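Structure below is query34.txt: compact mmCIF, C-alpha atoms.
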# COMPACT_ATOMS: atom_id res chain seq x y z
CA MET A 1 114.56 115.19 123.33
CA VAL A 2 116.07 113.52 120.24
CA ILE A 3 116.33 115.32 116.88
CA HIS A 4 117.34 113.61 113.64
CA LYS A 5 118.98 115.72 110.95
CA ALA A 6 120.93 115.22 107.74
CA TYR A 7 123.87 117.25 106.42
CA ARG A 8 124.29 117.11 102.66
CA PHE A 9 127.62 117.86 100.97
CA ARG A 10 128.90 117.66 97.43
CA LEU A 11 131.58 115.01 96.94
CA ARG A 12 134.78 115.47 94.94
CA PRO A 13 135.61 111.87 93.98
CA SER A 14 138.27 110.73 91.55
CA LYS A 15 137.28 108.94 88.35
CA ALA A 16 138.09 105.58 89.95
CA GLN A 17 135.90 106.43 92.95
CA GLU A 18 133.05 107.54 90.68
CA SER A 19 133.28 104.20 88.90
CA LEU A 20 132.95 102.43 92.26
CA PHE A 21 129.94 104.57 93.17
CA ARG A 22 128.18 103.61 89.94
CA GLN A 23 129.06 99.95 90.49
CA PHE A 24 127.73 99.97 94.06
CA ALA A 25 124.53 101.71 92.98
CA GLY A 26 124.06 99.15 90.19
CA CYS A 27 124.49 96.25 92.61
CA ARG A 28 121.97 97.87 94.93
CA ARG A 29 119.51 98.17 92.03
CA PHE A 30 120.09 94.52 91.06
CA ALA A 31 119.45 93.32 94.64
CA TRP A 32 116.24 95.37 94.82
CA ASN A 33 114.89 93.96 91.54
CA LYS A 34 115.82 90.36 92.40
CA ALA A 35 114.23 90.54 95.85
CA LEU A 36 111.14 92.30 94.50
CA GLY A 37 110.72 89.58 91.86
CA ILE A 38 110.80 86.90 94.55
CA GLN A 39 108.23 88.77 96.65
CA GLU A 40 105.88 89.30 93.71
CA ASN A 41 106.02 85.60 92.76
CA ARG A 42 105.15 84.63 96.33
CA LEU A 43 102.24 87.06 96.48
CA ARG A 44 100.87 85.83 93.14
CA ALA A 45 101.02 82.27 94.48
CA GLY A 46 98.99 83.32 97.52
CA GLU A 47 101.93 83.07 99.93
CA ARG A 48 103.11 85.62 102.48
CA SER A 49 105.99 87.89 101.57
CA LEU A 50 109.36 87.06 103.08
CA SER A 51 110.59 89.09 106.04
CA TYR A 52 113.86 91.00 105.87
CA ASN A 53 115.76 88.35 107.84
CA ARG A 54 114.66 85.52 105.55
CA MET A 55 115.39 87.57 102.43
CA ALA A 56 118.81 88.68 103.68
CA ALA A 57 119.73 85.03 104.26
CA ASN A 58 119.79 84.66 100.45
CA LEU A 59 122.57 87.21 99.98
CA PRO A 60 125.49 84.71 100.26
CA ALA A 61 123.92 82.50 97.57
CA TRP A 62 123.31 85.51 95.32
CA LYS A 63 126.96 86.53 95.67
CA ARG A 64 128.10 83.06 94.64
CA GLU A 65 125.82 83.18 91.59
CA ARG A 66 126.74 86.78 90.74
CA PRO A 67 130.32 87.50 91.90
CA PHE A 68 129.95 91.23 91.19
CA LEU A 69 127.54 91.48 94.16
CA ALA A 70 130.53 90.89 96.45
CA GLU A 71 132.19 94.12 95.30
CA PRO A 72 130.11 96.66 97.31
CA PRO A 73 130.03 96.65 101.13
CA SER A 74 127.64 93.97 102.35
CA GLN A 75 125.73 96.56 104.41
CA ALA A 76 124.73 98.42 101.25
CA LEU A 77 122.83 95.34 100.01
CA GLN A 78 121.36 94.70 103.45
CA GLN A 79 120.05 98.25 103.59
CA VAL A 80 118.27 97.94 100.24
CA LEU A 81 116.51 94.79 101.44
CA MET A 82 115.41 96.72 104.53
CA ASP A 83 114.02 99.45 102.27
CA LEU A 84 112.10 96.91 100.21
CA ASP A 85 110.69 95.23 103.32
CA ARG A 86 109.48 98.59 104.62
CA ALA A 87 107.99 99.52 101.23
CA ILE A 88 105.99 96.28 101.05
CA ARG A 89 104.69 96.71 104.60
CA ASP A 90 103.67 100.30 103.78
CA ALA A 91 101.84 99.07 100.68
CA PHE A 92 99.71 96.73 102.79
CA ASN A 93 99.08 99.26 105.55
CA LYS A 94 95.29 99.37 105.80
CA LYS A 95 95.15 102.81 107.44
CA ASP A 96 97.47 104.60 105.02
CA PRO A 97 98.45 102.34 102.08
CA LYS A 98 101.30 103.43 99.82
CA ARG A 99 102.02 102.43 96.25
CA PHE A 100 103.42 98.94 95.84
CA PRO A 101 107.17 99.06 95.06
CA VAL A 102 108.22 98.83 91.41
CA PHE A 103 111.32 97.58 89.64
CA LYS A 104 114.20 100.02 89.26
CA LYS A 105 115.65 100.74 85.83
CA LYS A 106 119.05 102.17 85.07
CA GLY A 107 118.75 105.85 84.20
CA LYS A 108 115.18 106.02 85.53
CA SER A 109 115.94 105.71 89.25
CA VAL A 110 118.33 107.58 91.52
CA ASP A 111 121.77 106.00 91.84
CA SER A 112 122.47 105.74 95.57
CA PHE A 113 123.58 103.46 98.38
CA ARG A 114 123.51 103.74 102.19
CA LEU A 115 126.11 102.69 104.77
CA PRO A 116 125.26 102.58 108.49
CA GLN A 117 128.76 101.61 109.69
CA GLY A 118 132.41 101.74 108.72
CA PHE A 119 132.50 105.41 107.64
CA ARG A 120 134.52 108.20 109.22
CA VAL A 121 134.28 111.95 108.70
CA GLU A 122 137.27 114.28 109.12
CA GLN A 123 135.68 117.70 109.13
CA GLY A 124 138.97 119.52 109.60
CA ASN A 125 140.41 117.97 106.43
CA GLY A 126 137.12 117.98 104.51
CA ARG A 127 137.14 114.28 103.69
CA ILE A 128 135.08 111.18 104.46
CA PHE A 129 136.13 107.53 104.57
CA LEU A 130 133.78 105.04 102.87
CA PRO A 131 134.28 101.25 103.11
CA LYS A 132 135.85 99.72 99.96
CA VAL A 133 136.24 103.24 98.50
CA GLY A 134 138.69 105.01 100.79
CA TRP A 135 138.96 108.69 101.61
CA VAL A 136 136.81 110.98 99.45
CA ARG A 137 137.00 114.76 99.45
CA TYR A 138 133.82 116.75 100.00
CA ARG A 139 132.87 120.41 99.98
CA ASN A 140 132.90 121.25 103.69
CA SER A 141 130.30 124.04 103.74
CA ARG A 142 129.20 123.71 107.40
CA ARG A 143 130.05 121.84 110.56
CA ILE A 144 128.33 118.55 111.40
CA GLU A 145 126.81 118.47 114.88
CA GLY A 146 125.46 115.41 116.68
CA LYS A 147 126.19 111.68 116.67
CA GLN A 148 126.79 110.40 113.15
CA LYS A 149 124.48 107.43 112.45
CA GLN A 150 124.77 106.65 108.73
CA VAL A 151 125.70 108.09 105.34
CA THR A 152 123.94 107.99 101.99
CA VAL A 153 125.83 108.54 98.73
CA SER A 154 123.62 109.61 95.83
CA ARG A 155 124.01 110.94 92.32
CA SER A 156 122.38 114.16 91.16
CA HIS A 157 122.36 115.87 87.79
CA ASP A 158 125.58 117.75 88.61
CA GLY A 159 127.60 115.13 90.49
CA TRP A 160 127.72 112.93 93.58
CA TYR A 161 126.57 113.97 97.05
CA VAL A 162 126.84 112.51 100.53
CA SER A 163 124.20 112.92 103.21
CA VAL A 164 125.35 112.39 106.79
CA GLN A 165 122.45 111.51 109.10
CA VAL A 166 122.98 112.52 112.73
CA GLU A 167 121.16 112.21 116.04
CA ILE A 168 121.12 115.18 118.41
CA LYS A 169 120.10 114.68 122.04
CA THR A 170 119.19 117.64 124.23
CA SER A 171 118.72 117.44 128.00
CA GLU A 172 115.99 120.10 128.03
CA ALA A 173 113.27 120.56 125.46
CA PRO A 174 113.71 123.95 123.74
CA ILE A 175 110.91 126.48 123.64
CA HIS A 176 109.78 128.05 120.38
CA PRO A 177 110.77 131.74 120.34
CA SER A 178 107.37 132.74 118.97
CA SER A 179 103.88 132.13 120.32
CA SER A 180 101.98 133.10 117.16
CA SER A 181 99.86 130.85 114.98
CA VAL A 182 99.03 131.11 111.28
CA GLY A 183 96.77 129.46 108.75
CA ILE A 184 98.07 128.80 105.24
CA ASP A 185 96.03 128.29 102.08
CA ARG A 186 98.08 126.79 99.25
CA GLY A 187 97.37 127.82 95.68
CA VAL A 188 98.69 127.97 92.13
CA GLU A 189 98.46 131.63 91.11
CA GLN A 190 99.59 132.50 94.64
CA PHE A 191 101.82 129.91 96.26
CA ALA A 192 100.45 130.57 99.73
CA ALA A 193 98.08 133.00 101.42
CA PHE A 194 98.47 133.52 105.17
CA SER A 195 95.76 134.32 107.68
CA ASP A 196 97.58 137.55 108.60
CA GLY A 197 97.08 138.84 105.04
CA THR A 198 100.57 138.02 103.71
CA ILE A 199 100.83 136.61 100.19
CA LEU A 200 103.74 134.43 99.05
CA GLU A 201 104.23 134.50 95.29
CA PRO A 202 105.14 131.21 93.57
CA GLY A 203 108.61 130.33 92.36
CA ASN A 204 107.35 128.47 89.24
CA PRO A 205 110.66 126.65 88.60
CA LEU A 206 109.25 124.46 85.82
CA LYS A 207 106.93 127.05 84.29
CA ASN A 208 109.83 129.47 83.85
CA ARG A 209 111.80 126.83 81.92
CA LEU A 210 109.07 125.19 79.87
CA GLY A 211 110.16 126.96 76.68
CA ARG A 212 113.73 125.70 76.89
CA LEU A 213 112.52 122.22 77.90
CA ALA A 214 110.23 122.06 74.86
CA ARG A 215 113.10 123.04 72.52
CA LEU A 216 115.38 120.39 73.97
CA GLN A 217 112.69 117.73 73.67
CA ARG A 218 112.01 118.65 70.03
CA LYS A 219 115.72 118.25 69.30
CA LEU A 220 115.66 114.89 71.06
CA GLY A 221 112.88 113.71 68.75
CA ARG A 222 115.08 114.38 65.72
CA LYS A 223 118.01 112.32 66.99
CA ASP A 224 118.54 108.74 65.85
CA LYS A 225 117.74 106.12 68.46
CA PHE A 226 120.72 104.66 70.35
CA SER A 227 123.06 107.30 68.87
CA ASN A 228 125.62 109.26 70.90
CA ASN A 229 123.93 112.52 69.92
CA ARG A 230 120.66 111.27 71.38
CA LYS A 231 122.46 110.29 74.57
CA LYS A 232 124.01 113.77 74.82
CA GLN A 233 120.63 115.40 74.24
CA LYS A 234 119.05 113.31 76.99
CA GLU A 235 121.81 114.45 79.36
CA LYS A 236 120.99 118.09 78.55
CA ILE A 237 117.32 117.49 79.39
CA SER A 238 118.31 115.71 82.61
CA LYS A 239 120.50 118.64 83.66
CA LEU A 240 117.71 121.12 82.97
CA LEU A 241 115.23 119.09 85.02
CA GLY A 242 117.85 118.85 87.76
CA ARG A 243 118.13 122.64 87.86
CA VAL A 244 114.33 122.83 88.08
CA ALA A 245 114.40 120.52 91.10
CA ASP A 246 117.22 122.54 92.69
CA ALA A 247 115.31 125.81 92.22
CA ARG A 248 112.14 124.30 93.71
CA ARG A 249 114.04 122.87 96.67
CA ASP A 250 115.78 126.19 97.33
CA PHE A 251 112.48 128.12 97.20
CA LEU A 252 110.73 125.70 99.54
CA HIS A 253 113.54 125.59 102.08
CA LYS A 254 113.72 129.37 102.30
CA ALA A 255 109.94 129.72 102.62
CA THR A 256 109.50 126.96 105.21
CA THR A 257 112.43 128.12 107.33
CA THR A 258 110.97 131.62 107.56
CA ILE A 259 107.51 130.28 108.43
CA CYS A 260 108.76 127.90 111.12
CA LYS A 261 110.97 130.53 112.75
CA ASN A 262 108.13 133.07 113.02
CA HIS A 263 105.20 130.82 113.99
CA ALA A 264 104.85 128.13 116.66
CA ILE A 265 101.60 126.72 115.25
CA VAL A 266 100.93 126.32 111.52
CA VAL A 267 97.58 125.11 110.19
CA MET A 268 97.14 123.76 106.66
CA GLU A 269 94.57 121.75 104.75
CA ASP A 270 94.99 117.98 104.69
CA LEU A 271 95.10 117.75 100.90
CA ARG A 272 95.19 114.48 98.95
CA ILE A 273 97.60 115.74 96.32
CA GLY A 274 97.81 112.40 94.53
CA ASN A 275 94.06 112.40 93.97
CA MET A 276 94.03 116.08 92.98
CA THR A 277 96.65 115.56 90.27
CA ARG A 278 95.17 112.39 88.80
CA SER A 279 94.85 112.36 85.01
CA ALA A 280 91.48 113.19 83.45
CA LYS A 281 92.02 111.13 80.29
CA GLY A 282 89.64 108.37 81.35
CA THR A 283 89.29 105.31 79.12
CA ILE A 284 88.51 104.70 75.45
CA GLU A 285 84.95 103.71 76.34
CA ASN A 286 84.51 106.59 78.79
CA PRO A 287 86.91 109.42 77.82
CA GLY A 288 87.44 112.33 80.18
CA LYS A 289 86.51 115.97 79.67
CA LYS A 290 88.75 119.04 79.51
CA VAL A 291 91.83 116.81 79.51
CA ARG A 292 94.23 119.56 78.36
CA GLN A 293 93.03 122.00 81.04
CA LYS A 294 93.29 119.36 83.77
CA SER A 295 96.77 118.42 82.58
CA GLY A 296 97.88 122.04 82.86
CA LEU A 297 96.40 122.32 86.35
CA ASN A 298 98.11 119.10 87.46
CA ARG A 299 101.46 120.37 86.17
CA ALA A 300 100.98 123.70 87.97
CA ILE A 301 100.14 122.00 91.28
CA LEU A 302 103.12 119.66 91.08
CA ASP A 303 105.37 122.55 90.08
CA GLN A 304 104.59 124.27 93.40
CA GLY A 305 105.71 121.26 95.46
CA TRP A 306 102.78 121.27 97.90
CA GLY A 307 103.64 117.89 99.37
CA GLU A 308 107.31 118.76 99.97
CA PHE A 309 106.24 122.11 101.42
CA GLN A 310 104.04 120.34 103.98
CA ARG A 311 106.78 117.80 104.79
CA GLN A 312 109.39 120.49 105.40
CA VAL A 313 107.07 122.56 107.58
CA GLY A 314 106.29 119.43 109.61
CA TYR A 315 109.84 118.40 110.48
CA LYS A 316 111.15 121.94 110.93
CA LEU A 317 108.37 122.72 113.39
CA GLU A 318 109.22 119.49 115.18
CA TRP A 319 112.81 120.66 115.52
CA ALA A 320 111.62 124.02 116.86
CA VAL A 321 109.06 122.38 119.19
CA GLY A 322 106.20 123.83 117.17
CA GLU A 323 103.10 122.12 115.83
CA LEU A 324 101.66 121.48 112.37
CA ILE A 325 97.90 120.93 112.32
CA LEU A 326 96.08 119.53 109.28
CA VAL A 327 92.35 120.19 108.90
CA ASN A 328 89.56 119.02 106.62
CA PRO A 329 89.66 121.22 103.48
CA ALA A 330 85.88 121.04 102.92
CA TYR A 331 84.20 124.45 102.50
CA THR A 332 87.23 126.49 103.62
CA SER A 333 87.03 128.57 100.42
CA GLN A 334 83.22 129.03 100.59
CA GLU A 335 82.91 130.01 104.26
CA CYS A 336 82.95 133.59 105.50
CA SER A 337 85.71 134.17 108.06
CA ALA A 338 83.60 136.88 109.73
CA CYS A 339 80.15 135.29 110.15
CA HIS A 340 80.95 131.66 109.15
CA HIS A 341 78.14 131.59 106.58
CA VAL A 342 78.84 128.99 103.88
CA ALA A 343 77.74 129.75 100.34
CA ARG A 344 79.30 128.98 96.97
CA GLU A 345 77.95 132.27 95.59
CA SER A 346 80.15 134.26 97.98
CA ARG A 347 83.26 133.46 95.96
CA LYS A 348 82.41 135.24 92.75
CA THR A 349 85.91 135.01 91.21
CA ARG A 350 89.20 133.32 92.03
CA ASP A 351 90.57 136.41 93.78
CA LYS A 352 87.49 138.05 95.29
CA TYR A 353 85.37 136.86 98.19
CA GLU A 354 82.23 138.77 99.23
CA CYS A 355 79.89 137.17 101.73
CA VAL A 356 76.26 137.12 100.57
CA ALA A 357 75.09 137.14 104.20
CA CYS A 358 77.09 139.88 105.95
CA GLY A 359 78.85 141.61 103.04
CA HIS A 360 82.36 140.87 104.33
CA ALA A 361 84.82 141.22 101.44
CA GLU A 362 88.54 140.41 101.15
CA ASP A 363 91.02 138.35 99.15
CA ALA A 364 89.53 134.89 98.67
CA ASP A 365 92.70 133.02 99.59
CA VAL A 366 93.27 135.10 102.74
CA ASN A 367 89.67 134.45 103.76
CA ALA A 368 90.26 130.71 103.30
CA ALA A 369 93.49 130.91 105.33
CA LYS A 370 91.58 132.50 108.22
CA ASN A 371 89.03 129.68 108.11
CA ILE A 372 91.83 127.12 108.08
CA LYS A 373 93.47 128.72 111.11
CA ALA A 374 90.19 128.88 113.06
CA ALA A 375 89.37 125.25 112.31
CA GLY A 376 92.89 124.12 113.23
CA LEU A 377 92.98 125.93 116.56
CA ALA A 378 89.54 124.58 117.45
CA VAL A 379 90.47 121.01 116.55
CA SER A 380 93.74 121.34 118.49
CA ALA A 381 91.88 122.63 121.54
CA CYS A 382 89.60 119.58 121.60
CA GLY A 383 92.40 117.06 120.95
CA GLY A 384 91.96 116.43 117.24
CA PHE A 385 94.38 115.69 114.42
CA SER A 386 97.89 117.13 114.48
CA ALA A 387 100.62 116.20 112.04
CA SER A 388 103.29 116.53 114.72
CA ARG A 389 101.15 114.93 117.45
CA PRO A 390 99.42 111.70 116.32
CA PRO A 391 95.71 111.69 117.10
CA MET A 392 94.14 109.37 119.64
CA LYS A 393 90.96 109.33 117.57
CA GLN A 394 90.09 110.00 113.95
CA GLU A 395 87.50 112.61 114.95
CA PRO A 396 87.57 115.44 117.49
CA PRO A 397 86.03 114.41 120.82
CA CYS A 398 83.36 117.06 120.41
CA GLY A 399 81.79 114.87 117.72
CA LYS A 400 81.44 117.66 115.18
CA GLU A 401 82.97 117.46 111.73
CA ARG A 402 84.34 120.99 112.00
CA CYS A 403 84.28 123.53 114.77
CA HIS A 404 85.54 127.07 115.28
CA ALA A 405 87.52 128.81 117.93
CA ALA A 406 85.49 131.09 120.09
The structure in this file should be written as structure tokens.
Amino acid sequence: MVIHKAYRFRLRPSKAQESLFRQFAGCRRFAWNKALGIQENRLRAGERSLSYNRMAANLPAWKRERPFLAEPPSQALQQVLMDLDRAIRDAFNKKDPKRFPVFKKKGKSVDSFRLPQGFRVEQGNGRIFLPKVGWVRYRNSRRIEGKQKQVTVSRSHDGWYVSVQVEIKTSEAPIHPSSSSVGIDRGVEQFAAFSDGTILEPGNPLKNRLGRLARLQRKLGRKDKFSNNRKKQKEKISKLLGRVADARRDFLHKATTTICKNHAIVVMEDLRIGNMTRSAKGTIENPGKKVRQKSGLNRAILDQGWGEFQRQVGYKLEWAVGELILVNPAYTSQECSACHHVARESRKTRDKYECVACGHAEDADVNAAKNIKAAGLAVSACGGFSASRPPMKQEPPCGKERCHAA
């Protein structure tokens, strides 16, 4: 069994090393934009996009035209062309298309670069060697285990970080310590409701800081454009948003680690979060309705980090040899977990569910979580969709849209 992990540490570079980091990240951004421009021109002309090998063959000519591109390690530029090639292929994937890649702008994109070779880590001394940079100190908070494959240097709101990607091979597949399964219903007022009746309250990292964010943005509006004071104010806003991201990440990691340690099978709804958080503004000819309410709902959903929550549960269960199952979300909130009668009238309020057929009453989100668990276990039993086990078919072999465990 092979497990891929990443260890992230905060770097302690000198001013000269920080300058090199910014220069390397800028060259990476330039290479991305130049290659993307070439690909877009070819697609507009009706031609096929260039493969990575053909695009990478242009690097020597680019370096002669722009000598500053020779400053970073050549592998950093090769890696960005690989990323662009993968992004374009994902955009044209008919089964699961992603957004077409866009141009990167300084200050709007993350400053980073990746190196697959030439680095060395001395864990005893707490330092890492990076090509064309030298030895850089880092905060050695834990020991790195496994074969080191590559490193990624990135800039956050509070400094530079290095992520060491490793590969861990085990001779015997581990067994999950727990045999329990749980269904999870994600929400806004309650972050998650579990089929065992447990409720996880939301962290609300952005909601708790909206007041301060609004004050900082009002001050930004009163600063003169292109002034140093405006630049300083933008840095304050960036730091605040960085702390919001850190708080969200910390909350999600703690929650997902607890879930994956205690449950071998986790069932969640297969939500299309991008569609759910789409703007309701509409067009000038056909304006949307309740735009302000929908905007608030979109912000609340994104503040919870549903997509990142699902991603973390997926890979952590994979490490623990567990399983994440995604089910169709249709009617999970309207169905009775006791008699399986489906009726919209049964959910009278957001919190209360009372079945109009059998009279079963309980918390609405817990009732939905029980339905999610039952549907997931049934689909898993008949070989349906699993996030950690790719499906052989798009539908369960039983031919039914949804089925329940006996």
(message) Between atom CA of A:Ile184 and atom CA of A:Ala364, what is the distance in Å, rounded to a tenth?
(response)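 Taking atom CA of A:Ile184 and atom CA of A:Ala364, their separation equals 12.4 Å.
Proximity to A:Arg209 was assessed for A:Leu377, A:Val244, A:Leu11, A:Ala368 counting only C-alpha atoms; the smallest distance is recorded for A:Val244.
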(request) Would you list the contacts of stretch 95-107 of chain A as number ranges by chain, taking every protein, DNA or RNA residue within 12 Å and counting only C-alpha atoms, but skipping same-chain residues closer than 4 positions in sequence? (result) A: 22-23, 25-40, 43, 80, 83-91, 111-112, 155-157, 231, 234-235, 238, 272, 274, 394
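Of note, atom CA of A:Gln17 and atom CA of A:Gly124 are spaced 21.4 Å apart.
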(message) Can you tell me which residues surround A:Asp158 at a distance of at most 9 Å, considering only C-alpha atoms, apart from same-chain residues fewer than 5 positions away, and format the answer as a list in words?
(response)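 The residues that qualify are Lys239, Gly242 and Arg243 of chain A.
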(request) Could you tell me which of A:Ser227, A:Asn298, A:Ser195, A:Gln79 comes closest to A:Gly376 if we count all atoms listed in the file? (result)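 Nearest candidate to A:Gly376 out of A:Ser227, A:Asn298, A:Ser195, A:Gln79: A:Ser195.
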A:Lys207 surroundings by all atoms listed in the file, 10 Å radius, close-in-sequence under 5 positions cut, as a short mmCIF file (atom, residue, chain, number, x, y, z; two decimals) with C-alpha atoms, in the frame of the given file:
data_model
loop_
_atom_site.label_atom_id
_atom_site.label_comp_id
_atom_site.auth_asym_id
_atom_site.auth_seq_id
_atom_site.Cartn_x
_atom_site.Cartn_y
_atom_site.Cartn_z
CA LEU A 213 112.52 122.22 77.90
CA VAL A 244 114.33 122.83 88.08
CA ARG A 299 101.46 120.37 86.17
CA ALA A 300 100.98 123.70 87.97
CA ASP A 303 105.37 122.55 90.08
CA GLN A 304 104.59 124.27 93.40
#
(message) Considering only C-alpha atoms, can you say which of A:Glu71, A:Glu354, A:Glu47, A:Asp250 comes closest to A:Glu335?
(response)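 That would be A:Glu354, the residue with the smallest distance to A:Glu335.
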(request) For atom CA of A:Arg186 and atom CA of A:Thr256, quote the distance in Å rounded to one decimal. (result)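 So the two atoms, atom CA of A:Arg186 and atom CA of A:Thr256, lie 12.9 Å apart.
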(request) Write out as JSON, numbers by chain the residues lying within 8 Å of A:Ala280, counting all atoms listed in the file and excluding same-chain residues fewer than 3 positions away. (result) {"A": [288, 289, 290, 291, 294, 295]}
(request) Quick one: everything within 12 Å of A:Trp160, counting all atoms listed in the file, minus sequence neighbours fewer than 3 positions away in the same chain. Send it as an MDAnalysis selection string. (result) chainID A and resid 8:15 17:22 25 110:113 136:139 152:157 163
(message) Let me make sure I understand: among A:Ala214, A:Ile301, A:Cys339, A:Leu200, which one has the smallest atom-to-atom distance to A:Ala255 if we use all atoms listed in the file?
(response) A:Leu200
(message) With distances taken over all atoms listed in the file, which residue among A:Gly307, A:Gly187, A:Gly203, A:Gly322 lies nearest A:Asp351?
(response) A:Gly187
Taking (82.5, 134.3, 94.8) in the file's own coordinates, collect the residues within 12 Å, counting all atoms listed in the file, and hand them back as a PDB file with C-alpha atoms, keeping the file's coordinate frame.
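Written out: selection_21.pdb:
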ATOM      1  CA  SER A 333      87.030 128.570 100.420  1.00  0.00           C
ATOM      2  CA  GLN A 334      83.220 129.030 100.590  1.00  0.00           C
ATOM      3  CA  GLU A 335      82.910 130.010 104.260  1.00  0.00           C
ATOM      4  CA  CYS A 336      82.950 133.590 105.500  1.00  0.00           C
ATOM      5  CA  VAL A 342      78.840 128.990 103.880  1.00  0.00           C
ATOM      6  CA  ALA A 343      77.740 129.750 100.340  1.00  0.00           C
ATOM      7  CA  ARG A 344      79.300 128.980  96.970  1.00  0.00           C
ATOM      8  CA  GLU A 345      77.950 132.270  95.590  1.00  0.00           C
ATOM      9  CA  SER A 346      80.150 134.260  97.980  1.00  0.00           C
ATOM     10  CA  ARG A 347      83.260 133.460  95.960  1.00  0.00           C
ATOM     11  CA  LYS A 348      82.410 135.240  92.750  1.00  0.00           C
ATOM     12  CA  THR A 349      85.910 135.010  91.210  1.00  0.00           C
ATOM     13  CA  ARG A 350      89.200 133.320  92.030  1.00  0.00           C
ATOM     14  CA  ASP A 351      90.570 136.410  93.780  1.00  0.00           C
ATOM     15  CA  LYS A 352      87.490 138.050  95.290  1.00  0.00           C
ATOM     16  CA  TYR A 353      85.370 136.860  98.190  1.00  0.00           C
ATOM     17  CA  GLU A 354      82.230 138.770  99.230  1.00  0.00           C
ATOM     18  CA  CYS A 355      79.890 137.170 101.730  1.00  0.00           C
ATOM     19  CA  VAL A 356      76.260 137.120 100.570  1.00  0.00           C
ATOM     20  CA  GLY A 359      78.850 141.610 103.040  1.00  0.00           C
ATOM     21  CA  HIS A 360      82.360 140.870 104.330  1.00  0.00           C
ATOM     22  CA  ALA A 361      84.820 141.220 101.440  1.00  0.00           C
ATOM     23  CA  GLU A 362      88.540 140.410 101.150  1.00  0.00           C
ATOM     24  CA  ASP A 363      91.020 138.350  99.150  1.00  0.00           C
ATOM     25  CA  ALA A 364      89.530 134.890  98.670  1.00  0.00           C
ATOM     26  CA  ASP A 365      92.700 133.020  99.590  1.00  0.00           C
ATOM     27  CA  ASN A 367      89.670 134.450 103.760  1.00  0.00           C
TER      28      ASN A 367
END
(message) My list of candidates is A:Ile325, A:Val133, A:Val267, A:Val166. Which is closest to A:Glu145 when distances are computed with only C-alpha atoms?
(response)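 Closest to A:Glu145 of all the choices is A:Val166.
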Within 7 Å of (124.4, 112.7, 108.3) (coordinates as in the file), grab all the protein and nucleic acid residues, counting all atoms listed in the file, and write them out as a PDB file with C-alpha atoms, in the frame of the given file.
ATOM      1  CA  LYS A   5     118.980 115.720 110.950  1.00  0.00           C
ATOM      2  CA  ALA A   6     120.930 115.220 107.740  1.00  0.00           C
ATOM      3  CA  TYR A   7     123.870 117.250 106.420  1.00  0.00           C
ATOM      4  CA  GLN A 148     126.790 110.400 113.150  1.00  0.00           C
ATOM      5  CA  LYS A 149     124.480 107.430 112.450  1.00  0.00           C
ATOM      6  CA  GLN A 150     124.770 106.650 108.730  1.00  0.00           C
ATOM      7  CA  VAL A 151     125.700 108.090 105.340  1.00  0.00           C
ATOM      8  CA  SER A 163     124.200 112.920 103.210  1.00  0.00           C
ATOM      9  CA  VAL A 164     125.350 112.390 106.790  1.00  0.00           C
ATOM     10  CA  GLN A 165     122.450 111.510 109.100  1.00  0.00           C
ATOM     11  CA  VAL A 166     122.980 112.520 112.730  1.00  0.00           C
TER      12      VAL A 166
END
